[in-house]
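First the structure, in the form of structure tokens, and then the observations on it.
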Amino acid sequence: MESNKNFVLGIYDDEDVLLSAVTKVRESGVKIHEVYSPFPVHGLDEVLGYKRTRLPIAAFLFGLLGTTLALTMQIWMLGFDWPMIIGGKNFASIPPFVPVTFELTVLLSALGMVATFMIISDLKPYKKPRLMDIRITDDKHVMAIDLAKNSLTIDQIKSIVGDSGASEVNDKKFED
């Protein structure tokens, strides 16, 4: 069976039921592909076993790049490329460079985090999103289980998901 094509979907009405269901399903040995929710559910990432994101590290590195580029650019332009004596000050005095350095640091941090997030999340402008169930945009929580990544049969997985408190258990097949 091809990975990322055939799913069992457990649909839940309440986030507390969803949290306990994720724990029960994971304890029974079923690998959960993803859980979709119309709003953030506190504690869901811990229950799913997700590690802490490394996005702040990327933000720091992009900010460091912005600071380095801003200082290098200003020192080069005002100190070496086109030196001007303004008010008897040095060619490359650091205090006047602070506003531009701050702005470029913030700009590159923000743009770098957005680009990193889009790459990590596989968000592309030309990619059609996979919608497991239209109701996840309104009021339902959906637990998606990839059948190819689990050794249990479809009936066993449906039984486990149904016993965990799901209001519905559906199949979803993608052809792409």
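Labels used: A, B, ... for chains in the order of the structure tokens, numbers from 1 for residues in each chain, and numbers from 1 for ligands as shown.
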Test item: residues at most 12 Å from A:Gly63, only C-alpha atoms, excluding those fewer than 4 positions along its chain, as a ChimeraX atom specification | /A:56-59,67-70,101-113
What's the 7 Å shell around A:Val35, counting only C-alpha atoms, without same-chain residues fewer than 3 positions away, as a PyMOL selection string?
-> chain A and resi 142-144
Selection file, N, CA, C and O atoms, as a tab-separated table (two decimals), in the first residue's frame:
chain	number	residue	atom	x	y	z
A	142	VAL	N	-10.08	16.22	13.58
A	142	VAL	CA	-9.89	15.01	12.79
A	142	VAL	C	-8.52	14.42	13.09
A	142	VAL	O	-7.50	15.10	13.02
A	143	MET	N	-8.52	13.13	13.42
A	143	MET	CA	-7.29	12.37	13.59
A	143	MET	C	-7.10	11.53	12.33
A	143	MET	O	-7.95	10.70	11.99
A	144	ALA	N	-6.01	11.77	11.60
A	144	ALA	CA	-5.74	11.04	10.36
A	144	ALA	C	-4.68	9.99	10.61
A	144	ALA	O	-3.62	10.28	11.17
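Closest approach to A:Ser20 among A:Lys89, A:Ala166, A:Ser3, A:Pro125 is made by A:Ala166 (distances from only C-alpha atoms).
Going from atom CA of A:Asp45 to atom CA of A:Leu19 covers 9.8 Å.
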Write out as a list in words all residues of chain A that DSSP puts in strand (DSSP E) for this structure's backbone.
-> Asn6, Phe7, Val8, Leu9, Gly10, Ile11, Tyr12, Glu34, Val35, Tyr36, His141, Val142, Met143, Ala144, Ile145, Asp146, Glu168, Val169, Asn170, Asp171, Lys172 and Lys173 of chain A
In stretch 96-161 of chain A, what's helix (DSSP H, G or I) per DSSP? Answer as number ranges by chain?
-> A: 96-120, 134-137, 147-149, 154-161
Any chance you could export the current selection's N, CA, C and O atoms as a short mmCIF file (atom, residue, chain, number, x, y, z; two decimals), in the first residue's frame?
data_model
loop_
_atom_site.label_atom_id
_atom_site.label_comp_id
_atom_site.auth_asym_id
_atom_site.auth_seq_id
_atom_site.Cartn_x
_atom_site.Cartn_y
_atom_site.Cartn_z
N PRO A 96 25.66 56.03 14.77
CA PRO A 96 24.67 56.34 13.73
C PRO A 96 24.18 55.10 12.97
O PRO A 96 23.16 55.15 12.28
N PHE A 97 24.88 54.00 13.10
CA PHE A 97 24.50 52.79 12.38
C PHE A 97 23.43 51.96 13.10
O PHE A 97 22.88 51.02 12.54
N VAL A 98 23.14 52.30 14.36
CA VAL A 98 22.24 51.47 15.18
C VAL A 98 20.83 51.36 14.58
O VAL A 98 20.30 50.25 14.48
N PRO A 99 20.17 52.46 14.16
CA PRO A 99 18.80 52.30 13.63
C PRO A 99 18.72 51.39 12.40
O PRO A 99 17.84 50.52 12.32
N VAL A 100 19.62 51.59 11.47
CA VAL A 100 19.60 50.77 10.25
C VAL A 100 19.92 49.31 10.59
O VAL A 100 19.30 48.39 10.06
N THR A 101 20.87 49.11 11.49
CA THR A 101 21.22 47.74 11.91
C THR A 101 20.03 47.06 12.57
O THR A 101 19.73 45.90 12.27
N PHE A 102 19.33 47.77 13.45
CA PHE A 102 18.15 47.20 14.11
C PHE A 102 17.08 46.83 13.09
O PHE A 102 16.51 45.73 13.14
N GLU A 103 16.80 47.73 12.16
CA GLU A 103 15.75 47.48 11.18
C GLU A 103 16.08 46.30 10.27
O GLU A 103 15.22 45.47 9.97
N LEU A 104 17.32 46.19 9.83
CA LEU A 104 17.69 45.08 8.96
C LEU A 104 17.70 43.75 9.73
O LEU A 104 17.35 42.71 9.17
N THR A 105 18.06 43.81 11.01
CA THR A 105 18.00 42.61 11.85
C THR A 105 16.57 42.10 11.96
O THR A 105 16.30 40.91 11.77
N VAL A 106 15.64 43.00 12.26
CA VAL A 106 14.24 42.60 12.39
C VAL A 106 13.68 42.13 11.05
O VAL A 106 12.96 41.12 10.99
N LEU A 107 13.99 42.82 9.97
CA LEU A 107 13.49 42.46 8.65
C LEU A 107 13.95 41.05 8.25
O LEU A 107 13.14 40.22 7.84
N LEU A 108 15.24 40.79 8.36
CA LEU A 108 15.74 39.46 7.95
C LEU A 108 15.27 38.36 8.89
O LEU A 108 15.04 37.24 8.45
N SER A 109 15.10 38.66 10.17
CA SER A 109 14.55 37.66 11.10
C SER A 109 13.14 37.28 10.69
O SER A 109 12.79 36.10 10.63
N ALA A 110 12.31 38.28 10.43
CA ALA A 110 10.92 38.01 10.07
C ALA A 110 10.80 37.28 8.75
O ALA A 110 10.11 36.25 8.64
N LEU A 111 11.49 37.77 7.72
CA LEU A 111 11.40 37.12 6.41
C LEU A 111 12.01 35.71 6.45
O LEU A 111 11.49 34.79 5.82
N GLY A 112 13.09 35.56 7.19
CA GLY A 112 13.72 34.24 7.31
C GLY A 112 12.83 33.24 8.02
O GLY A 112 12.76 32.08 7.62
N MET A 113 12.14 33.68 9.09
CA MET A 113 11.23 32.77 9.80
C MET A 113 10.06 32.36 8.92
O MET A 113 9.64 31.21 8.93
N VAL A 114 9.50 33.31 8.17
CA VAL A 114 8.39 32.98 7.28
C VAL A 114 8.84 31.98 6.22
O VAL A 114 8.16 30.97 5.98
N ALA A 115 9.98 32.22 5.61
CA ALA A 115 10.48 31.30 4.58
C ALA A 115 10.79 29.93 5.18
O ALA A 115 10.44 28.90 4.59
N THR A 116 11.42 29.90 6.34
CA THR A 116 11.73 28.62 6.99
C THR A 116 10.46 27.86 7.34
O THR A 116 10.37 26.66 7.11
N PHE A 117 9.46 28.56 7.87
CA PHE A 117 8.19 27.91 8.22
C PHE A 117 7.51 27.34 6.99
O PHE A 117 6.99 26.22 7.01
N MET A 118 7.53 28.09 5.90
CA MET A 118 6.87 27.60 4.68
C MET A 118 7.60 26.39 4.09
O MET A 118 6.96 25.47 3.58
N ILE A 119 8.92 26.37 4.18
CA ILE A 119 9.68 25.23 3.69
C ILE A 119 9.44 24.00 4.57
O ILE A 119 9.18 22.91 4.07
N ILE A 120 9.49 24.19 5.88
CA ILE A 120 9.28 23.07 6.81
C ILE A 120 7.88 22.50 6.68
O ILE A 120 7.66 21.30 6.73
N ILE A 134 -13.83 18.61 5.29
CA ILE A 134 -14.15 20.03 5.20
C ILE A 134 -14.53 20.60 6.56
O ILE A 134 -14.35 21.79 6.82
N ARG A 135 -14.99 19.77 7.47
CA ARG A 135 -15.46 20.27 8.77
C ARG A 135 -14.33 20.67 9.71
O ARG A 135 -14.59 21.29 10.74
N ILE A 136 -13.07 20.35 9.36
CA ILE A 136 -11.96 20.80 10.22
C ILE A 136 -11.79 22.31 10.16
O ILE A 136 -11.11 22.89 11.00
N THR A 137 -12.38 22.95 9.16
CA THR A 137 -12.30 24.41 9.08
C THR A 137 -13.41 25.07 9.88
O THR A 137 -13.45 26.29 9.98
N LEU A 147 -2.68 4.37 6.61
CA LEU A 147 -2.75 2.90 6.68
C LEU A 147 -1.43 2.25 6.30
O LEU A 147 -1.09 1.19 6.81
N ALA A 148 -0.65 2.86 5.43
CA ALA A 148 0.60 2.26 4.98
C ALA A 148 1.67 2.26 6.08
O ALA A 148 2.58 1.45 6.05
N LYS A 149 1.54 3.13 7.05
CA LYS A 149 2.54 3.23 8.11
C LYS A 149 2.16 2.43 9.35
O LYS A 149 2.82 2.53 10.38
N ILE A 154 -7.17 -2.49 8.56
CA ILE A 154 -8.06 -1.33 8.56
C ILE A 154 -9.20 -1.50 9.56
O ILE A 154 -9.60 -0.55 10.24
N ASP A 155 -9.70 -2.72 9.70
CA ASP A 155 -10.79 -2.96 10.64
C ASP A 155 -10.33 -2.81 12.09
O ASP A 155 -11.06 -2.28 12.93
N GLN A 156 -9.11 -3.26 12.39
CA GLN A 156 -8.57 -3.10 13.74
C GLN A 156 -8.38 -1.61 14.07
O GLN A 156 -8.71 -1.16 15.17
N ILE A 157 -7.86 -0.86 13.10
CA ILE A 157 -7.64 0.57 13.33
C ILE A 157 -8.97 1.29 13.50
O ILE A 157 -9.13 2.12 14.40
N LYS A 158 -9.95 0.95 12.68
CA LYS A 158 -11.27 1.56 12.82
C LYS A 158 -11.90 1.25 14.17
O LYS A 158 -12.53 2.11 14.79
N SER A 159 -11.70 0.04 14.63
CA SER A 159 -12.23 -0.35 15.94
C SER A 159 -11.56 0.44 17.07
O SER A 159 -12.23 0.92 17.98
N ILE A 160 -10.25 0.58 17.00
CA ILE A 160 -9.51 1.33 18.03
C ILE A 160 -9.94 2.79 18.03
O ILE A 160 -10.18 3.38 19.10
N VAL A 161 -10.06 3.40 16.85
CA VAL A 161 -10.45 4.80 16.75
C VAL A 161 -11.90 4.98 17.22
O VAL A 161 -12.22 5.93 17.94
#
Interatomic distance between atom CA of A:Phe39 and atom CA of A:Val22?
-> 16.5 Å
